[in-house]
Amino acid sequence: MNESMQQGEPAIVAEDVYKSFDGQHVLRGVSLTAETGKTMVIVGASGSGKTVLVSMFVGLITPDRGTIRVLGEDVTPFTKEAQWNQLRMRIGFVFQGAALYDSMTIGANVAFPLRHHTKLSSKEIEERVVDKLRLVGLEEAVDKLPSQISGGMQKRAGLARALALDPDLVIYDEPTAGLDPLRAESISRHIRELQTKLGNTAVVVTHDMACAFIVGDRVAFLDDGVIAEQGTVEELARSADPRVRKFFKAAECLSGGASQ
Amino acid sequence: MNGNSFARTVGHSLIASVRSSGAFVLFSARAVSASLTRPFFFGELVRQVYAIGIRSLPLTSTVGFCVGLVFAMQTVNQMKRFGAASYLAAAVGLSIVRELGPILTGIMVAARAGAGIGAEIGSMKVTRQIDALRVTAIDPMEFLVATRVLACIIVLPILTAIADVLGIVGGWIIGITVGNIIPMEYLRTTYHFIRMVDVFPPLFKTLFFGLVIGLVSCFQGFRTTGGTEGVGISTTLTVERAVLAVAICDVFLTPALTRLIG
């Protein structure tokens, strides 16, 4: 863990964050804290600004207002890519569509950050790649191209790539989107197991309540650009807030409908 | 359309053009700076030299040869009429090395490599692979843009030189078969008339063709939005603009280099 991070300091602290695009307000004063070593799940309907919020934690989007601290560093004044790059090496980001480099094999995708940011030998990189792929159960796909594997496997490969540099913080953007319920559950369990095994901080953005129940230590409900409520999954399930109740009820209906 | 809305449409187009030009200038400045500073992605540069250079070679060489052949066919009978068939070598050689070789190679690379770069970067943009590079702490300007721009700059003069030689060979074949010129005599005339000053300034010009092809193609790729349809639109625009950029560059560079070098 980096020296700039005080003992017990949260991995992410966002305070009063605002963002709008072309006059359309997406975030209207979001405040959120993700505790170190825990999994924070941000749930909310599609278009509620979840992805925009986590994109700010890695500098892909800049907030209009508010402050953000990531892994002990105040990133609010960062304006250049170079300022972000040191921090980005400590963060793994798993994209919704995996975003694997399609001209490279799965092995080369996982090796990519290692080749550019470490002084490891080719043999050591190869070993590390196999280790990371084994973690997500993909060691047999090392020589395959992204187009030759299924969507679920691509997500796991994206996860292996995000873990390549042993990050302190892993951000998952809709890790179960587009997957069938069985694969979605399997990915969610993978995320939970990895977090328990590696002990890093995870932030998971999802609209899939089943995923939130499996992976989340704490859940924040984002609605209409603000955090409507946050707490443990159980606390949120008992919430009196009508917006939260409506969302949970819709999710229950869906999972109930699916199981019938 | 009434006068008001016409003025508004023209105004919007003008503002969009100025914005786009400004963005291109900023993009180019960042790309040039990324090309000159560390880190250098040598492996990716080699891959691009192969993809842009070696893979364009069959096309540029064949077209260079055919142009030499056809140009000689068109010229030989005119020259014969004036009893100047022996000067065919000079006419073909000078036309090819001074203008036809560089501009045709530039246009072909703009079309072929421009489409390749625009489509590749465009699809990387819409599938968030460029964001993936950024969150991996790799600057896309260094990894994607600098390598492709440098590759274009490196391969253009080489492809042009090869196209020039093959164009002269094409003229030589017509010269000795249709013009009845002695083979060695044709080559001697070529050697006698084509001076270094005819060869190197046009090759130097192709460095700029490479620069603009690389910059325009990467810029268009980075501006891609939407899904596969966006990639298609962006690829078409890339080819159109890269070819146009080469032609405009040629118009300005040719007289400038002539004035400078003679």
# chains A, B, ... in the order shown; residues from 1 in each chain; ligands from 1
>>> interface_residues(of="chain B", to="chain A", cutoff="10 Å", atoms="only C-alpha atoms", output="list in words")
Pro39, Phe41, Glu120, Ser123, Met124, Lys125, Val126, Thr127, Arg128, Gln129, Ile130, Asp131, Ala132, Leu133, Arg134, Val135, Thr136, Ala137, Ile138 and Asp139 of chain B
>>> residues_around(residues="segment 89-105 of chain B", least_positions_apart="3", cutoff="6 Å", atoms="only C-alpha atoms", output="list in words")
Thr60, Met108, Thr160, Ala163, Asp164, Ile168, Tyr186, Thr190, Phe193, Asp198, Val199 and Pro202 of chain B
>>> atom_distance(atom1="atom CA of Val109 of chain B", atom2="atom CA of Leu144 of chain B")
17.9 Å
>>> residues_around(residues="Val243 of chain B", least_positions_apart="2", cutoff="6 Å", atoms="only C-alpha atoms", output="ChimeraX atom specification")
/B:107,110,240-241,245-246
>>> closest_residue(among="A:Gly37, A:Pro146, A:Pro175, A:Pro242", to="Leu198 of chain A", atoms="only C-alpha atoms")
A:Gly37
>>> residues_around(residues="segment 126-143 of chain A", least_positions_apart="4", cutoff="6 Å", atoms="only C-alpha atoms", output="number ranges by chain")
A: 105-107, 110-111, 156, 160
>>> write_last_selection(atoms="C-alpha atoms", output="PDB file, in the first residue's frame")
ATOM      1  CA  THR A 105      -4.200 -12.725 -27.798  1.00  0.00           C
ATOM      2  CA  ILE A 106      -5.699 -13.043 -24.309  1.00  0.00           C
ATOM      3  CA  GLY A 107      -2.222 -13.740 -22.948  1.00  0.00           C
ATOM      4  CA  VAL A 110      -2.832  -9.613 -19.703  1.00  0.00           C
ATOM      5  CA  ALA A 111       0.899  -9.233 -20.346  1.00  0.00           C
ATOM      6  CA  ARG A 156     -12.985 -12.734 -17.096  1.00  0.00           C
ATOM      7  CA  ALA A 160      -7.309 -10.880 -15.389  1.00  0.00           C
TER       8      ALA A 160
END
>>> atom_distance(atom1="atom CA of Gln195 of chain A", atom2="atom CA of Phe213 of chain A")
14.4 Å
>>> atom_distance(atom1="atom CA of Gly167 of chain B", atom2="atom CA of Gly64 of chain B")
4.9 Å
>>> residues_around(residues="Val17 of chain A", least_positions_apart="2", cutoff="8 Å", atoms="only C-alpha atoms", output="PyMOL selection string")
chain A and resi 14-15+19+27-31+63-68
>>> write_last_selection(atoms="C-alpha atoms", output="PDB file, in the first residue's frame")
ATOM      1  CA  ALA A  14     -15.987  11.667  -3.377  1.00  0.00           C
ATOM      2  CA  GLU A  15     -17.553  14.836  -2.035  1.00  0.00           C
ATOM      3  CA  LYS A  19     -21.086  16.602 -13.797  1.00  0.00           C
ATOM      4  CA  LEU A  27     -24.373  13.962 -11.290  1.00  0.00           C
ATOM      5  CA  ARG A  28     -25.807  16.572  -8.922  1.00  0.00           C
ATOM      6  CA  GLY A  29     -23.722  16.497  -5.790  1.00  0.00           C
ATOM      7  CA  VAL A  30     -22.659  12.892  -5.244  1.00  0.00           C
ATOM      8  CA  SER A  31     -20.844  12.080  -2.001  1.00  0.00           C
ATOM      9  CA  PRO A  63     -15.867  16.476 -12.566  1.00  0.00           C
ATOM     10  CA  ASP A  64     -17.329  19.970 -13.028  1.00  0.00           C
ATOM     11  CA  ARG A  65     -17.345  20.514  -9.263  1.00  0.00           C
ATOM     12  CA  GLY A  66     -16.537  18.664  -6.073  1.00  0.00           C
ATOM     13  CA  THR A  67     -13.488  16.843  -4.735  1.00  0.00           C
ATOM     14  CA  ILE A  68     -12.304  13.280  -5.194  1.00  0.00           C
TER      15      ILE A  68
END
>>> select_by_dssp(residues="segment 27-262 of chain B", states="alpha helix (DSSP H)", output="PyMOL selection string")
chain B and resi 27-36+42-48+57-81+88-95+101-126+129-135+140+147-177+183-193+196-222+228-261
>>> closest_residue(among="B:Val251, B:Ala111, B:Ile261, B:Ile233", to="Gly214 of chain B", atoms="only C-alpha atoms")
B:Ala111
>>> residues_around(residues="Thr201 of chain A", least_positions_apart="4", cutoff="12 Å", atoms="only C-alpha atoms", output="ChimeraX atom specification")
/A:1,9-12,33-41,70-71,90-93,163,166-172,191-192,194-197,215-218
>>> select_by_dssp(residues="segment 153-255 of chain A", states="strand (DSSP E)", output="PyMOL selection string")
chain A and resi 169-173+201-206+218-223+226-231
>>> write_last_selection(atoms="N, CA and C atoms", output="short mmCIF file (atom, residue, chain, number, x, y, z; two decimals), in the first residue's frame")
data_model
loop_
_atom_site.label_atom_id
_atom_site.label_comp_id
_atom_site.auth_asym_id
_atom_site.auth_seq_id
_atom_site.Cartn_x
_atom_site.Cartn_y
_atom_site.Cartn_z
N LEU A 169 -6.83 -1.19 -5.87
CA LEU A 169 -8.25 -0.90 -6.07
C LEU A 169 -8.67 -1.46 -7.43
N VAL A 170 -9.79 -2.19 -7.45
CA VAL A 170 -10.31 -2.70 -8.72
C VAL A 170 -11.72 -2.13 -8.92
N ILE A 171 -11.93 -1.54 -10.09
CA ILE A 171 -13.24 -0.97 -10.40
C ILE A 171 -13.90 -1.82 -11.50
N TYR A 172 -15.10 -2.27 -11.23
CA TYR A 172 -15.83 -3.10 -12.19
C TYR A 172 -17.01 -2.30 -12.71
N ASP A 173 -17.05 -2.10 -14.04
CA ASP A 173 -18.18 -1.39 -14.63
C ASP A 173 -19.14 -2.42 -15.23
N THR A 201 -9.38 -3.35 -2.48
CA THR A 201 -10.67 -2.65 -2.45
C THR A 201 -11.34 -2.84 -3.80
N ALA A 202 -12.64 -3.05 -3.78
CA ALA A 202 -13.35 -3.17 -5.05
C ALA A 202 -14.53 -2.20 -5.08
N VAL A 203 -14.73 -1.60 -6.24
CA VAL A 203 -15.92 -0.77 -6.45
C VAL A 203 -16.64 -1.38 -7.65
N VAL A 204 -17.87 -1.79 -7.44
CA VAL A 204 -18.62 -2.47 -8.50
C VAL A 204 -19.84 -1.63 -8.86
N VAL A 205 -19.93 -1.32 -10.14
CA VAL A 205 -21.09 -0.59 -10.64
C VAL A 205 -22.01 -1.61 -11.29
N THR A 206 -23.25 -1.65 -10.88
CA THR A 206 -24.16 -2.63 -11.49
C THR A 206 -25.61 -2.20 -11.33
N ARG A 218 -20.88 -3.01 1.12
CA ARG A 218 -21.77 -1.87 1.25
C ARG A 218 -22.33 -1.52 -0.12
N VAL A 219 -23.50 -0.93 -0.13
CA VAL A 219 -24.16 -0.59 -1.38
C VAL A 219 -24.59 0.87 -1.33
N ALA A 220 -24.35 1.58 -2.43
CA ALA A 220 -24.85 2.96 -2.54
C ALA A 220 -25.85 2.98 -3.68
N PHE A 221 -26.99 3.59 -3.45
CA PHE A 221 -28.02 3.64 -4.49
C PHE A 221 -28.00 5.03 -5.14
N LEU A 222 -27.65 5.03 -6.42
CA LEU A 222 -27.55 6.29 -7.16
C LEU A 222 -28.84 6.51 -7.96
N ASP A 223 -29.46 7.63 -7.72
CA ASP A 223 -30.71 7.91 -8.43
C ASP A 223 -30.76 9.39 -8.80
N VAL A 226 -27.86 11.68 -7.64
CA VAL A 226 -27.43 11.78 -6.22
C VAL A 226 -27.48 10.39 -5.57
N ILE A 227 -26.69 10.23 -4.50
CA ILE A 227 -26.75 8.98 -3.76
C ILE A 227 -27.99 9.06 -2.86
N ALA A 228 -29.01 8.27 -3.20
CA ALA A 228 -30.26 8.34 -2.45
C ALA A 228 -30.08 7.68 -1.09
N GLU A 229 -29.28 6.62 -1.04
CA GLU A 229 -29.10 5.92 0.23
C GLU A 229 -27.87 5.03 0.13
N GLN A 230 -27.19 4.83 1.26
CA GLN A 230 -26.11 3.84 1.26
C GLN A 230 -26.08 3.09 2.59
N GLY A 231 -25.59 1.86 2.52
CA GLY A 231 -25.53 1.00 3.71
C GLY A 231 -25.20 -0.41 3.28
#
>>> residues_around(residues="Ile176 of chain B", least_positions_apart="2", cutoff="12 Å", atoms="only C-alpha atoms", output="PyMOL selection string")
chain B and resi 69+72-73+76+85-86+88-89+169-174+178-187
